[in-house]
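Participant: Next up, final-v1.txt (compact mmCIF, C-alpha atoms).
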# COMPACT_ATOMS: atom_id res chain seq x y z
CA MET A 251 0.00 0.00 0.00
CA LEU A 252 1.19 3.50 -0.80
CA GLU A 253 2.37 5.37 2.30
CA GLN A 254 0.41 8.48 3.37
CA ARG A 255 3.19 11.09 2.86
CA PRO A 256 4.08 10.09 -0.73
CA PHE A 257 0.35 9.83 -1.53
CA ARG A 258 -0.21 13.39 -0.27
CA ASP A 259 2.86 14.68 -2.14
CA ILE A 260 1.68 13.12 -5.40
CA LEU A 261 -1.89 14.41 -5.04
CA GLY A 262 -0.49 17.83 -4.09
CA GLN A 263 0.63 18.20 -7.70
CA PHE A 264 -3.03 18.25 -8.77
CA THR A 265 -4.20 21.87 -8.62
CA THR A 266 -7.64 22.46 -7.11
CA GLY A 267 -9.83 25.44 -6.48
CA VAL A 268 -10.82 26.50 -2.97
CA VAL A 269 -14.38 26.93 -1.70
CA LEU A 270 -15.97 27.85 1.59
CA ILE A 271 -18.72 25.57 2.84
CA THR A 272 -20.95 27.62 5.14
CA ALA A 273 -24.28 27.05 6.86
CA GLN A 274 -26.57 28.85 9.25
CA THR A 275 -26.91 26.41 12.15
CA PRO A 276 -29.02 26.69 15.33
CA GLN A 277 -25.76 27.68 17.12
CA GLY A 278 -24.95 30.40 14.55
CA PRO A 279 -22.97 30.44 11.31
CA ALA A 280 -20.48 27.63 10.73
CA GLY A 281 -18.03 27.09 7.91
CA MET A 282 -14.87 25.49 6.62
CA ALA A 283 -12.50 25.79 3.68
CA VAL A 284 -12.49 22.86 1.24
CA ASN A 285 -10.36 22.03 -1.76
CA SER A 286 -11.89 18.61 -2.44
CA PHE A 287 -14.86 19.99 -4.41
CA THR A 288 -16.12 19.09 -7.87
CA SER A 289 -19.10 19.20 -10.17
CA VAL A 290 -20.84 15.84 -10.59
CA SER A 291 -23.87 16.32 -12.86
CA LEU A 292 -25.66 18.99 -14.86
CA ASP A 293 -29.03 17.22 -14.79
CA PRO A 294 -29.76 17.34 -11.93
CA PRO A 295 -27.17 19.94 -10.87
CA LEU A 296 -24.98 18.03 -8.40
CA ILE A 297 -21.67 18.79 -6.69
CA ALA A 298 -19.48 16.71 -4.40
CA LEU A 299 -17.05 17.50 -1.62
CA CYS A 300 -15.10 15.60 1.00
CA ALA A 301 -15.14 16.41 4.71
CA ALA A 302 -12.66 14.88 7.15
CA HIS A 303 -13.94 12.83 10.08
CA SER A 304 -11.66 15.02 12.23
CA SER A 305 -13.52 18.21 11.23
CA SER A 306 -15.15 19.94 14.18
CA THR A 307 -17.29 22.03 11.79
CA TRP A 308 -18.69 19.46 9.36
CA PRO A 309 -21.05 17.71 11.83
CA SER A 310 -22.99 20.94 12.47
CA VAL A 311 -23.16 21.74 8.73
CA ARG A 312 -24.28 18.17 7.91
CA ALA A 313 -27.00 18.34 10.59
CA VAL A 314 -28.57 21.38 8.88
CA GLY A 315 -28.94 19.37 5.66
CA GLY A 316 -27.64 22.09 3.37
CA PHE A 317 -24.97 24.72 2.87
CA ALA A 318 -23.60 27.44 0.63
CA ALA A 319 -20.51 26.62 -1.42
CA SER A 320 -18.66 29.88 -2.20
CA ILE A 321 -15.90 29.91 -4.81
CA LEU A 322 -12.94 31.93 -3.55
CA GLY A 323 -10.87 34.29 -5.66
CA SER A 324 -7.21 35.26 -5.58
CA GLU A 325 -7.92 38.06 -3.08
CA HIS A 326 -9.37 35.60 -0.52
CA GLU A 327 -6.18 33.97 0.78
CA ASP A 328 -6.67 35.56 4.22
CA LEU A 329 -10.29 34.37 4.34
CA CYS A 330 -9.24 30.85 3.37
CA ARG A 331 -6.58 30.78 6.08
CA THR A 332 -9.09 32.02 8.67
CA PHE A 333 -11.55 29.26 7.73
CA SER A 334 -8.74 26.70 7.87
CA THR A 335 -7.76 27.67 11.42
CA ARG A 336 -9.43 25.71 14.22
CA GLY A 337 -11.18 28.02 16.72
CA ALA A 338 -10.83 31.18 14.59
CA ASP A 339 -13.54 33.87 14.56
CA ARG A 340 -14.48 33.10 10.97
CA PHE A 341 -17.40 35.43 10.29
CA SER A 342 -16.29 38.83 11.66
CA GLY A 343 -14.69 41.70 9.77
CA ARG A 344 -16.18 40.89 6.36
CA ASP A 345 -19.34 41.55 4.35
CA TRP A 346 -21.64 38.55 4.03
CA GLU A 347 -24.68 37.86 1.88
CA SER A 348 -27.39 35.44 2.86
CA THR A 349 -28.71 32.86 0.40
CA ASN A 350 -32.46 32.23 0.15
CA ALA A 351 -31.92 29.25 2.48
CA GLY A 352 -30.26 31.61 4.98
CA HIS A 353 -26.66 30.40 4.59
CA PRO A 354 -23.87 33.00 4.72
CA ALA A 355 -21.75 33.63 1.62
CA PRO A 356 -18.92 36.16 1.25
CA ALA A 357 -20.31 39.17 -0.61
CA ASP A 358 -17.22 39.28 -2.84
CA ALA A 359 -16.95 35.55 -3.64
CA LEU A 360 -16.54 34.71 -7.34
CA GLY A 361 -19.81 32.83 -7.10
CA TRP A 362 -21.86 30.67 -4.77
CA LEU A 363 -24.24 27.73 -4.85
CA ASP A 364 -26.95 27.03 -2.31
CA CYS A 365 -26.98 23.24 -1.88
CA ARG A 366 -29.09 20.52 -0.26
CA ILE A 367 -27.29 17.36 0.86
CA GLU A 368 -28.51 14.36 -1.14
CA ALA A 369 -26.13 11.61 0.04
CA VAL A 370 -23.23 11.08 2.42
CA HIS A 371 -20.92 8.11 1.90
CA GLN A 372 -18.18 6.91 4.24
CA ALA A 373 -14.86 7.05 2.38
CA GLY A 374 -11.80 6.20 4.48
CA ASP A 375 -11.05 9.05 6.87
CA HIS A 376 -13.56 11.35 5.10
CA GLU A 377 -17.20 11.59 4.19
CA LEU A 378 -17.99 11.97 0.49
CA VAL A 379 -20.92 14.38 0.23
CA VAL A 380 -23.14 14.70 -2.84
CA ALA A 381 -25.42 17.74 -2.87
CA GLU A 382 -27.91 19.28 -5.26
CA ALA A 383 -27.39 22.92 -6.21
CA LEU A 384 -30.76 24.65 -5.71
CA GLU A 385 -29.71 28.17 -6.70
CA GLY A 386 -26.57 30.15 -7.33
CA SER A 387 -25.04 33.44 -8.28
CA LEU A 388 -21.99 34.81 -10.03
CA SER A 389 -21.21 37.56 -7.58
CA GLY A 390 -17.61 38.61 -8.13
CA LYS A 391 -14.84 38.93 -10.69
CA GLY A 392 -11.20 38.01 -10.64
CA GLY A 393 -8.87 35.07 -10.76
CA PRO A 394 -9.30 31.90 -8.71
CA LEU A 395 -7.66 30.96 -5.44
CA VAL A 396 -5.98 27.59 -5.90
CA PHE A 397 -4.30 24.94 -3.79
CA HIS A 398 -1.15 23.34 -5.24
CA GLY A 399 1.88 21.66 -3.75
CA GLY A 400 0.54 22.10 -0.23
CA ARG A 401 0.20 25.86 -0.67
CA ILE A 402 -2.63 28.31 -1.23
CA THR A 403 -1.79 30.48 -4.22
CA ALA A 404 -3.27 32.32 -7.19
CA LEU A 405 -2.82 31.61 -10.88
CA SER A 406 -0.34 33.87 -12.64
CA ALA A 407 -1.40 35.58 -15.86
So, in terms of structure tokens, how does the structure I just supplied come out?
Facilitator:
Amino acid sequence: MLEQRPFRDILGQFTTGVVLITAQTPQGPAGMAVNSFTSVSLDPPLIALCAAHSSSTWPSVRAVGGFAASILGSEHEDLCRTFSTRGADRFSGRDWESTNAGHPAPADALGWLDCRIEAVHQAGDHELVVAEALEGSLSGKGGPLVFHGGRITALSA
């Protein structure tokens, strides 16, 4: 079996975008940064993401049954780092929109999708989540924030 460190190093060469997964929970807004996010289907409109079993945020988002997935741009590195830090005050000092389902989304995100969880599958040390996109918006302009080689970065022109 392939060891964990070489596996991570190899997969780190695959560049991914970065999204925030946010939800309005009974305890207040909750959210986390995710780079394991992809489109699944156009009909119906489905996305997928992976959430670690070790996440302290994912259980409260999962319990709500839905979330906003906000696509981050190159100017959001600080926001991504805040949402990647355990115990950080993630929702202060920034303008937020609210989706029709009531989930927070950064007002300057490149775009967002309001999603309803359709299925959760156990997958090793993560949960594989499939969700239907119920609505969305292109709300910002700019280049994407990406994750490559273990680093958050932006694409160069």
Participant: Go through A:Val290, A:Ala381, A:Leu252, A:Cys330 one by one, measure the shortest atom-to-atom distance of each to Leu270 in chain A using all atoms listed in the file, and give the residue with the smallest value.
Facilitator: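 Selected residue with least distance to Leu270 in chain A: A:Cys330.
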Participant: Fewer than 4 positions away in the same chain doesn't count, so skip those; otherwise give me all residues within 12 Å of Gly392 in chain A, counting all atoms listed in the file, as a list in words.
Facilitator: Ile321, Leu322, Gly323, Ser324, Glu325, His326, Asp358, Ala359, Leu360, Gly361, Leu388, Ala404, Leu405, Ser406 and Ala407 of chain A
Participant: Could you check the closest approach to Ala351 in chain A for each of A:Phe333, A:Phe317, A:Trp308, A:Phe397 and tell me which residue wins, using all atoms listed in the file?
Facilitator: A:Phe317
Participant: Give me, please, the distance in Å between CA of Ala318 in chain A and CA of Ser305 in chain A, quoted to one decimal.
Facilitator: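 Going from CA of Ala318 in chain A over to CA of Ser305 in chain A, I get 17.3 Å.
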Participant: What does the distance between CA of Val311 in chain A and CA of Arg401 in chain A come to in Å, to one decimal place?
Facilitator: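 For CA of Val311 in chain A relative to CA of Arg401 in chain A, the distance reads 25.5 Å.
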Participant: Taking into account all atoms listed in the file, which residue in the set A:Leu296, A:Asp328, A:Ala313, A:Gly262 is nearest to Gln277 in chain A?
Facilitator: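 Checking each of A:Leu296, A:Asp328, A:Ala313, A:Gly262 against Gln277 in chain A, counting all atoms listed in the file, the winner is A:Ala313.
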Participant: Can you give me N, CA and C atoms for range 325-342 of chain A, written as a PDB file, in the frame of the given file?
Facilitator:
ATOM      1  N   GLU A 325      -8.008  37.106  -4.184  1.00  0.00           N
ATOM      2  CA  GLU A 325      -7.920  38.060  -3.080  1.00  0.00           C
ATOM      3  C   GLU A 325      -8.422  37.495  -1.755  1.00  0.00           C
ATOM      4  N   HIS A 326      -8.787  36.210  -1.720  1.00  0.00           N
ATOM      5  CA  HIS A 326      -9.370  35.600  -0.520  1.00  0.00           C
ATOM      6  C   HIS A 326      -8.412  34.708   0.265  1.00  0.00           C
ATOM      7  N   GLU A 327      -7.116  34.843   0.059  1.00  0.00           N
ATOM      8  CA  GLU A 327      -6.180  33.970   0.780  1.00  0.00           C
ATOM      9  C   GLU A 327      -6.338  34.119   2.290  1.00  0.00           C
ATOM     10  N   ASP A 328      -6.501  35.350   2.765  1.00  0.00           N
ATOM     11  CA  ASP A 328      -6.670  35.560   4.220  1.00  0.00           C
ATOM     12  C   ASP A 328      -7.950  34.902   4.725  1.00  0.00           C
ATOM     13  N   LEU A 329      -9.024  34.995   3.958  1.00  0.00           N
ATOM     14  CA  LEU A 329     -10.290  34.370   4.340  1.00  0.00           C
ATOM     15  C   LEU A 329     -10.150  32.850   4.374  1.00  0.00           C
ATOM     16  N   CYS A 330      -9.476  32.294   3.403  1.00  0.00           N
ATOM     17  CA  CYS A 330      -9.240  30.850   3.370  1.00  0.00           C
ATOM     18  C   CYS A 330      -8.443  30.410   4.579  1.00  0.00           C
ATOM     19  N   ARG A 331      -7.400  31.137   4.909  1.00  0.00           N
ATOM     20  CA  ARG A 331      -6.580  30.780   6.080  1.00  0.00           C
ATOM     21  C   ARG A 331      -7.397  30.872   7.372  1.00  0.00           C
ATOM     22  N   THR A 332      -8.249  31.891   7.485  1.00  0.00           N
ATOM     23  CA  THR A 332      -9.090  32.020   8.670  1.00  0.00           C
ATOM     24  C   THR A 332     -10.011  30.812   8.799  1.00  0.00           C
ATOM     25  N   PHE A 333     -10.625  30.391   7.693  1.00  0.00           N
ATOM     26  CA  PHE A 333     -11.550  29.260   7.730  1.00  0.00           C
ATOM     27  C   PHE A 333     -10.830  27.921   7.854  1.00  0.00           C
ATOM     28  N   SER A 334      -9.532  27.918   7.693  1.00  0.00           N
ATOM     29  CA  SER A 334      -8.740  26.700   7.870  1.00  0.00           C
ATOM     30  C   SER A 334      -8.134  26.591   9.260  1.00  0.00           C
ATOM     31  N   THR A 335      -8.340  27.621  10.083  1.00  0.00           N
ATOM     32  CA  THR A 335      -7.760  27.670  11.420  1.00  0.00           C
ATOM     33  C   THR A 335      -8.811  27.264  12.457  1.00  0.00           C
ATOM     34  N   ARG A 336      -8.511  26.205  13.190  1.00  0.00           N
ATOM     35  CA  ARG A 336      -9.430  25.710  14.220  1.00  0.00           C
ATOM     36  C   ARG A 336      -9.608  26.786  15.304  1.00  0.00           C
ATOM     37  N   GLY A 337     -10.869  27.071  15.645  1.00  0.00           N
ATOM     38  CA  GLY A 337     -11.180  28.020  16.720  1.00  0.00           C
ATOM     39  C   GLY A 337     -11.157  29.475  16.314  1.00  0.00           C
ATOM     40  N   ALA A 338     -10.892  29.778  15.035  1.00  0.00           N
ATOM     41  CA  ALA A 338     -10.830  31.180  14.590  1.00  0.00           C
ATOM     42  C   ALA A 338     -12.228  31.792  14.560  1.00  0.00           C
ATOM     43  N   ASP A 339     -12.295  33.126  14.716  1.00  0.00           N
ATOM     44  CA  ASP A 339     -13.540  33.870  14.560  1.00  0.00           C
ATOM     45  C   ASP A 339     -13.726  34.079  13.060  1.00  0.00           C
ATOM     46  N   ARG A 340     -14.446  33.192  12.420  1.00  0.00           N
ATOM     47  CA  ARG A 340     -14.480  33.100  10.970  1.00  0.00           C
ATOM     48  C   ARG A 340     -15.401  34.099  10.279  1.00  0.00           C
ATOM     49  N   PHE A 341     -16.388  34.636  10.970  1.00  0.00           N
ATOM     50  CA  PHE A 341     -17.400  35.430  10.290  1.00  0.00           C
ATOM     51  C   PHE A 341     -17.349  36.927  10.595  1.00  0.00           C
ATOM     52  N   SER A 342     -16.354  37.396  11.336  1.00  0.00           N
ATOM     53  CA  SER A 342     -16.290  38.830  11.660  1.00  0.00           C
ATOM     54  C   SER A 342     -15.366  39.555  10.677  1.00  0.00           C
TER      55      SER A 342
END
